[in-house]
Every structure is written in C-alpha cells, then in structure tokens.
Amino acid sequence: MDRLKIDIGEKVAFNDKEAIIIRIINLTTVSIEELKTNIIHTVKIRELRTPKSKEFLPKNEISSLTEKQWNKALERYHMILPILDNRKDFTLIQDIADKNRVHYTTIYRWLNWYDKTGSVSSLIGKKKTGGKGKSRLNPEVDELIKDEIAKTYLDRSRKSINKTIRNTLKRCRELGISPPHANTIRNRIRNTSEEEVIKARYGSKKAKEKFEPIKSHFPGANYPLSIVQIDHTKLDIILVDEHFRKPFKRPWLTLAMDIYSRMVVGFYLSFDPPGEMGTGLCIANSILPKETWLQKYDIDSDWPCWGLMKTIHLDNAKEFRGKMLERACINYGIDIEFRPVATPHWGGHVERLLGTFSKEIHDLPGTTFSNISERDGYKSEDKASLTINDLEKWLLIFITQVYHKRIHSSIHISPIQKYEEGIVGNQETLGTGLQPRILNERRVRLDFMPYFERTVQEYGVLIDHIFYYDDVLRKHIHSKESSRSNSSKKKFIFKRDPRDISTIYFFDPELNDYFEIPYRNTSHPPMSIWEYNHVIKKLTDRKQPVDEDSIFRAYDDMEEIEESAIRKTRKLKRLSRKADFRNESVHEDKKIYQEKDSTDSQKSNTNIDIQPFEDIDDEAFT
C-alpha cells in the first residue's frame with residue numbers, strides 16, 4: 001500500500017527529491033527540508049509523494065487469498081494486535097511470542113511488515129532472499145559507519161545524509177581503510193529505527209508523542225477518525241439522466257461522519273439501493289484524499305480529511321454484512337461495530353446529519369419534499385433538472401463551503417475547527433497528528449468493491465451477457481487450477497465500477513496488479529449499471545431474448561426514441577415562439593393602423609402581407 005506518513009521527521013519526496021518533514025503548519029501545509037541540500041520549502045501536503053525505496057514489501061490482493069492464507073494472516077494479526085498500542089512493553093511481546101511458540105524477533109518482523117504496508121494481507125510473508133541485504137562489511141568498517149551515523153546524522157544538529165557519507169569516507173581515508181560505497185551508508189541510515197531517528201534528531205518529547213500509545217480512546221470518540229458512523233438515505237429529489245436530461249429516479253446517499261468533530265469524511269451517491277458496493281465505495285472515498293474529487297468538478301475548497309479510521313459503526317442491516325466488505329476493513333486495520341438491535345439512538349449523529357442534508361435538498365429543483373402535503377401541486381418530475389453528477393457537485397460544495405464551516409450546535413464550533421484541534425492540538429490538548437495519506441486511489445477503491453469470479457475463455461470473459469477482452473487475458477485462456485488432467489478451470493477475480501461498465505478490472509495473480517479490460521466489441525457505447533438494468537427490464541417486459549446484441553440494440557433504440565422526442569419537442573417550442581412573434585407583429589401593425597387617418601390606414605392595411613405558414617418546417621408534417 002502506497003502510504004505517505006505526515007509527521008515531523010518523516011521522509012518524503014518533493015519534486016523527485018528526498019526530504020524530511022520539519023514542521024506541521026496546518027491540515028494542508030507543511031515545511032520540509034531537502035536531505036541533500038538542506039534547503040527548506042513550505043509546501044502543500046498534496047504535492048508530496050512517498051520516497052523511492054528498493055525494499056521489497058509484501059503486497060497481496062485480499063480477494064485472491066485462499067481461506068487458508070487469509071486465516072494465517074488473521075492469526076498473525078490477532079497476535080500483534082495487543083502490541084500495536086503497547087510497542088515498548090517487551091514483557092507483553094515476550095509473553096505473546098512464548099504463548100504462540102514463535103521468537104519475539106518474529107513478532108517484531110510482523111509488526112514491521114504491518115507498519116510499512118498497513119494491511120493484514122502483508123502478514124502472510126515475503127519471499128526469502130537467501131541472505132540478500134545482510135551486511136558483508138568487515139567489522140572495522142561496519143563499526144566505523146555506525147559510529148559516524150551516531151555522531152553526524154543522529155544528532156540534534158540534524159546534518160544531512162550526504163554530510164554523513166562525506167565524513168565517513170573521510171575517516172576511512174584517514175585510517176587507511178578501504179571505504180564502503182556511498183549507497184551502503186545511505187541504506188544503513190534508511191534502515192535505522194524511525195523512533196531512534198526522531199529521538200536523536202528532534203528530542204525525546206517528540207519521539208514520545210509519536211510512539212507512546214494514546215490512552216483512553218475507547219469507548220467514546222475521543223479524537224478524529226476514532227469512530228466513523230455510516231448510514232444511508234433515499235434523497236427527496238428526482239434526478240434526470242446524463243444524456244437527455246429526462247426525469248429518471250431518486251438517488252441514494254451513503255454518508256460517513258467523524259463523530260469526534262462532526263466532519264463529513266466521505267459519501268457515495270448512486271441509484272442503487274444500499275448494498276456492499278455503495279458502502280465499500282463510501283469507505284474508500286472516506287479514506288482517500290479529496291483533491292482529485294474536488295478538481296474533477298473544478299471546486300476551489302479544502303477538505304483535509306483522509307486516513308484510516310479506527311472503528312466504523314454500521315447499521316445492522318444485511319447490506320452492511322458482506323463478506324468482502326468485512327475482509328477489506330480487517331485488511332486495512334479497521335474495526336467494524338454493528339448497531340445493537342432496538343437501539344435507534346446508537347446511530348443518531350449521522351442520521352441527524354442526513355436529515356440536515358434532506359432539508360437543504362428541498363430547495364433544489366425536482367425535490368419531492370418529505371411528504372405529500374408539502375408538495376402542494378409542485379410537479380417534481382416537471383421541475384427535475386439535476387443529473388447525478390450535478391447533485392454530487394452540489395453536495396461537495398455544500399459540505400466543504402457551508403456545513404464544515406458553520407457553527408455546529410452540539411460542539412459549539414465549526415466541524416473543521418474541531419477536526420483541526422484534534423489533529424494539530426491546542427493549549428489544552430495534544431493533537432494526534434496527521435494521518436498517513438494512501439496515494440494509490442484505484443487500488444483502494446478496488447479493494448472495497450465486490451468481485452466476480454470468472455474463467456477466461458478464448459472469447460475473453462462474459463459478465464452479465466456482455467463480452468470483455470484484452471490481450472492481457474491471452475495467457476490465462478482455459479487455465480486450470482492444477483496440472484492434473486481432471487483439474488477444474490481456474491477462476492480469476494474481476495471488479496466493475498457501476499457508473500461505467502464498459503471496462504472491468506482484472507486481477508492478474510502472477511503480476512499482482514489490476515488491468516483494465518474493455519468491451520470485446522469496442523464500438524458499443526459506455527453504459528452505467530443503472531442504464532443496463534433499465535434495458536434488461538425493457539427486454540424482459542417485452543419477453544425478448546437477453547444477449548449482448550439485444551441489449552445494445554435496445555439501448556440504441558431507446559436513445560433514438562429519446563433523441564427523436566427531444567427534436568420534436570424543440571421544434572414545437574421553436575414554432576410556438578415564432579407564432580407568438582408573428583402575433584405580436586400583427587398586433588403592432590393594427591395599433592399603427594388605428595393611429596393613422598383613414599386614408600393612410602387603408603394604404604397601410606393594403607401593404608400588410610401576412611403569410612401564416614412561411615416559417616413552418618416541412619418535416620413537421622412527415
């Protein structure tokens with residue numbers, strides 16, 4: 001998992017140069033110092049990237065793991081779980097190691113894997129290297145490197161890595177020792193314990209703040225992202241379709257709220273009823289940085305919410321209990337708590353927020369209001385004008401520019417102020433610090449999506465009557481689970497974005513990555529899953545066969561009918577406007593006629609040449 005840690009002393013990359021964070025200015029800005037030149041920059045967090053590393057980190061696609069592999073990873077995760085907030089308690093670590101019959105260094109190794117990847121699936125293990133990476137230096141050079149790192153780099157003067165390398169090579173020359181390669185020294189520094197580096201360069205207080213566990217963070221929401229509640233509602237508004245802007249249906253909103261600050265941390269808007277897909281994508285949107293989302297709609301706002309929440313509170317409904325959703329949350333280290341039965345107050349925070357959103361939406365065109373009496377003759381379908389993308393943009397603006405900035409009645413300050421206090425701290429409270437940013441957005445979204453399992457045939461892959469193909473599938477055609485002749489065909493993992501089913505995502509287990517697979521017939525138009533379901537319903541109602549040709553033929557026919565209707569509607573409106581214009585001209589001529597004397601009026605009347613059909617389009621009669 002590509003995670004960027006945001007804290008003092010963390011290594012980052014800025015403009016492809018390695019740097020270290022030296023100051024957290026606010027939720028969106030930090031100061032960094034280049035390691036090679038010691039030049040200091042003040043930059044936006046969104047401009048930072050993870051530093052390049054040659055270290056192998058185990059990455060495993062969770063949906064591709066067998067039950068045995070997943071259970072092995074879970075077993076190790078439950079071993080290290082009590083240690084995550086008590087890393088300095090060696091007695092606890094030793095007890096856990098003895099109880100599970102593993103060496104305590106193995107426990108530390110698992111902790112290291114989990115820290116670097118942030119995923120439970122990494123605990124399965126990594127490939128053996130046969131001793132690669134072990135020190136092959138003679139003891140004298142090895143000791144000299146350790147000594148110079150301690151004196152130069154691990155010092156409050158915070159000398160750069162290059163300075164440490166130059167001092168080490170200089171001492172080697174002075175002592176007549178064959179000097180090591182510069183990369184050897186650089187790698188030794190990079191492998192130094194993060195806690196040791198911060199303690200030596202920034203002091204014990206900063207190291208304690210960063211590595212001491214936060215006490216008493218349960219059962220309440222005592223800091224940002226400690227508890228996030230998620231719920232959904234059907235919005236009181238009819239939206240129009242993207243192509244022809246004709247009334248379509250009411251959308252569902254799935255919303256995630258940080259209970260500590262009342263900040264909205266993410267949402268997902270769709271026409272699908274609540275389910276594993278919508279909940280998973282809402283969680284993914286909550287975890288990820290929001291800059292790309294805001295830029296998509298050209299919104300100039302800050303939404304500094306990102307990172308992994310400690311616990312998610314979910315409704316007890318079956319749509320929240322999908323196996324894939326549970327596995328994805330566990331893999332990312334997120335606890336799930338379900339609402340106890342008969343406790344309506346349990347999810348009250350997010351439900352009140354959804355109520356606030358619903359009231360605001362009643363001012364938009366196409367609203368259905370919350371009850372019939374409020375409509376009072378208001379024709380929702382006739383007034384409908386917003387598409388799902390329009391509403392998503394409206395929600396983004398309302399959340400970031402209105403809701404986050406106005407005073408909240410329960411906390412008596414704005415949600416953004418409360419959130420910043422929890423992260424940065426104030427005179428009374430020590431902040432938790434900024435969460436690491438996960439930069440691989442596509443991987444996060446795919447991890448939280450449900451998946452299909454399909455075999456790969458010579459035609460490619462068939463999902464919901466539609467064929468998909470790309471050359472990346474070629475080597476997997478007719479693959480089997482094993483080399484035995486009677487072995488069953490191997491099934492592979494595929495995922496799909498409901499807003500555009502023209503592309504599916506294939507997980508290649510050999511390359512350990514996802515690849516985009518388009519329609520086999522690339523002439524077919526893109527389609528959302530909602531449009532697809534609409535077409536299927538039409539075919540079923542007509543009792544017509546359902547296959548790829550009939551699906552896209554029906555889709556094209558529906559588009560043509562809608563386009564024709566729109567053309568006729570526009571033509572009639574144009575003719576109506578022209579008729580009104582002609583009538584106005586006639587009335588004006590009559591007014592002039594009445595004001596003149598009878599001779600002139602008679603002459604004027606003779607000159608009026610009215611041709612009532614000259615502007616009518618001949619096609620109107622065909």
# chains A, B, ... in the order shown; residues from 1 in each chain; ligands from 1
>>> select_by_dssp(residues="range 220-254 of chain A", states="strand (DSSP E or B)", output="ChimeraX atom specification")
/A:227-234,237,239-240,247-249,252-254
>>> atom_distance(atom1="CA of Pro180 in chain A", atom2="CA of Val141 in chain A")
7.6 Å
>>> residues_around(residues="range 273-285 of chain A", least_positions_apart="4", cutoff="10 Å", atoms="only C-alpha atoms", output="number ranges by chain")
A: 228, 230-234, 251-256, 265-269, 289-290, 293, 305-309, 312, 314, 317-326, 328-329, 441-451, 496-498
>>> atom_distance(atom1="CA of Arg542 in chain A", atom2="CA of Asp557 in chain A")
13.8 Å
>>> closest_residue(among="A:Ser178, A:Thr292, A:Gln94, A:Asn38", to="Tyr108 in chain A", atoms="only C-alpha atoms")
A:Gln94
>>> closest_residue(among="A:Leu48, A:Trp110, A:Ser121, A:Pro224", to="Ile423 in chain A", atoms="only C-alpha atoms")
A:Pro224
>>> residues_around(residues="Leu74 in chain A", least_positions_apart="3", cutoff="12 Å", atoms="only C-alpha atoms", output="list in words")
Ile62, Leu65, Glu67, Lys68, Gln69, Trp70, Asn71, Tyr77, His78, Met79, Ile80, Leu81, Trp110, Tyr114, Ser119, Val120, Ser121, Ser122, Leu123, Ile124, Arg327, Ile330, Asn331, Tyr332 and Gly333 of chain A
>>> write_last_selection(atoms="N, CA, C and O atoms", output="mmCIF file, in the first residue's frame")
data_model
loop_
_atom_site.group_PDB
_atom_site.id
_atom_site.type_symbol
_atom_site.label_atom_id
_atom_site.label_comp_id
_atom_site.auth_asym_id
_atom_site.auth_seq_id
_atom_site.Cartn_x
_atom_site.Cartn_y
_atom_site.Cartn_z
ATOM 1 N N ILE A 62 -6.385 -9.025 -1.444
ATOM 2 C CA ILE A 62 -7.124 -9.759 -0.416
ATOM 3 C C ILE A 62 -8.134 -10.732 -1.000
ATOM 4 O O ILE A 62 -8.334 -11.821 -0.472
ATOM 5 N N LEU A 65 -6.721 -14.237 -1.996
ATOM 6 C CA LEU A 65 -6.169 -15.145 -0.995
ATOM 7 C C LEU A 65 -7.129 -16.301 -0.734
ATOM 8 O O LEU A 65 -8.348 -16.111 -0.694
ATOM 9 N N GLU A 67 -8.798 -19.192 1.727
ATOM 10 C CA GLU A 67 -9.236 -19.123 3.127
ATOM 11 C C GLU A 67 -8.079 -19.469 4.062
ATOM 12 O O GLU A 67 -7.928 -18.867 5.128
ATOM 13 N N LYS A 68 -7.245 -20.432 3.663
ATOM 14 C CA LYS A 68 -6.110 -20.831 4.492
ATOM 15 C C LYS A 68 -5.113 -19.682 4.633
ATOM 16 O O LYS A 68 -4.623 -19.395 5.738
ATOM 17 N N GLN A 69 -4.818 -18.994 3.506
ATOM 18 C CA GLN A 69 -3.891 -17.869 3.560
ATOM 19 C C GLN A 69 -4.457 -16.715 4.379
ATOM 20 O O GLN A 69 -3.752 -16.102 5.183
ATOM 21 N N TRP A 70 -5.739 -16.424 4.162
ATOM 22 C CA TRP A 70 -6.364 -15.331 4.902
ATOM 23 C C TRP A 70 -6.397 -15.626 6.401
ATOM 24 O O TRP A 70 -6.116 -14.759 7.225
ATOM 25 N N ASN A 71 -6.729 -16.855 6.760
ATOM 26 C CA ASN A 71 -6.767 -17.237 8.169
ATOM 27 C C ASN A 71 -5.372 -17.166 8.798
ATOM 28 O O ASN A 71 -5.239 -16.808 9.977
ATOM 29 N N TYR A 77 -2.240 -11.360 12.702
ATOM 30 C CA TYR A 77 -2.735 -10.026 13.034
ATOM 31 C C TYR A 77 -3.262 -9.990 14.470
ATOM 32 O O TYR A 77 -2.985 -9.054 15.223
ATOM 33 N N HIS A 78 -4.000 -11.012 14.863
ATOM 34 C CA HIS A 78 -4.536 -11.054 16.227
ATOM 35 C C HIS A 78 -3.421 -11.211 17.260
ATOM 36 O O HIS A 78 -3.579 -10.777 18.406
ATOM 37 N N MET A 79 -2.289 -11.813 16.842
ATOM 38 C CA MET A 79 -1.140 -11.896 17.748
ATOM 39 C C MET A 79 -0.547 -10.515 18.033
ATOM 40 O O MET A 79 -0.228 -10.179 19.172
ATOM 41 N N ILE A 80 -0.395 -9.702 16.969
ATOM 42 C CA ILE A 80 0.273 -8.401 17.147
ATOM 43 C C ILE A 80 -0.694 -7.300 17.568
ATOM 44 O O ILE A 80 -0.257 -6.218 17.975
ATOM 45 N N LEU A 81 -2.005 -7.552 17.487
ATOM 46 C CA LEU A 81 -2.994 -6.512 17.777
ATOM 47 C C LEU A 81 -2.823 -5.893 19.161
ATOM 48 O O LEU A 81 -2.837 -4.659 19.296
ATOM 49 N N TRP A 110 6.805 -9.099 11.955
ATOM 50 C CA TRP A 110 5.409 -8.936 11.528
ATOM 51 C C TRP A 110 4.939 -7.501 11.757
ATOM 52 O O TRP A 110 4.217 -6.933 10.932
ATOM 53 N N TYR A 114 3.522 -4.925 8.893
ATOM 54 C CA TYR A 114 2.219 -4.269 9.030
ATOM 55 C C TYR A 114 2.361 -2.745 9.015
ATOM 56 O O TYR A 114 1.573 -2.035 8.391
ATOM 57 N N SER A 119 -1.580 -3.257 5.889
ATOM 58 C CA SER A 119 -2.587 -4.245 5.503
ATOM 59 C C SER A 119 -2.332 -5.582 6.185
ATOM 60 O O SER A 119 -1.184 -6.020 6.339
ATOM 61 N N VAL A 120 -3.415 -6.227 6.598
ATOM 62 C CA VAL A 120 -3.320 -7.539 7.234
ATOM 63 C C VAL A 120 -2.763 -8.571 6.264
ATOM 64 O O VAL A 120 -2.013 -9.471 6.656
ATOM 65 N N SER A 121 -3.108 -8.438 4.968
ATOM 66 C CA SER A 121 -2.672 -9.440 3.986
ATOM 67 C C SER A 121 -1.154 -9.525 3.878
ATOM 68 O O SER A 121 -0.618 -10.554 3.459
ATOM 69 N N SER A 122 -0.431 -8.473 4.257
ATOM 70 C CA SER A 122 1.039 -8.498 4.168
ATOM 71 C C SER A 122 1.643 -9.469 5.175
ATOM 72 O O SER A 122 2.813 -9.856 5.038
ATOM 73 N N LEU A 123 0.872 -9.873 6.185
ATOM 74 C CA LEU A 123 1.412 -10.737 7.240
ATOM 75 C C LEU A 123 1.562 -12.183 6.792
ATOM 76 O O LEU A 123 2.056 -13.010 7.552
ATOM 77 N N ILE A 124 1.147 -12.498 5.576
ATOM 78 C CA ILE A 124 1.374 -13.846 5.051
ATOM 79 C C ILE A 124 2.865 -14.102 4.908
ATOM 80 O O ILE A 124 3.366 -15.199 5.114
ATOM 81 N N ARG A 327 -13.816 -8.346 5.042
ATOM 82 C CA ARG A 327 -12.415 -8.693 4.821
ATOM 83 C C ARG A 327 -11.582 -7.463 4.472
ATOM 84 O O ARG A 327 -10.455 -7.306 4.953
ATOM 85 N N ILE A 330 -10.941 -5.403 7.672
ATOM 86 C CA ILE A 330 -9.936 -6.059 8.508
ATOM 87 C C ILE A 330 -8.551 -5.893 7.902
ATOM 88 O O ILE A 330 -7.571 -5.612 8.604
ATOM 89 N N ASN A 331 -8.453 -6.031 6.570
ATOM 90 C CA ASN A 331 -7.164 -5.912 5.892
ATOM 91 C C ASN A 331 -6.544 -4.529 6.105
ATOM 92 O O ASN A 331 -5.322 -4.385 6.182
ATOM 93 N N TYR A 332 -7.380 -3.501 6.179
ATOM 94 C CA TYR A 332 -6.887 -2.141 6.389
ATOM 95 C C TYR A 332 -6.807 -1.774 7.875
ATOM 96 O O TYR A 332 -6.550 -0.623 8.222
ATOM 97 N N GLY A 333 -7.066 -2.741 8.753
ATOM 98 C CA GLY A 333 -6.957 -2.483 10.186
ATOM 99 C C GLY A 333 -8.113 -1.685 10.753
ATOM 100 O O GLY A 333 -7.962 -0.993 11.769
#
>>> atom_distance(atom1="CA of Leu395 in chain A", atom2="CA of Glu360 in chain A")
9.9 Å
>>> closest_residue(among="A:Arg352, A:Arg520, A:Lys17, A:Arg46", to="Leu288 in chain A", atoms="only C-alpha atoms")
A:Arg46
>>> closest_residue(among="A:Glu420, A:Glu291, A:Glu351, A:Asp363", to="Leu396 in chain A", atoms="only C-alpha atoms")
A:Glu291
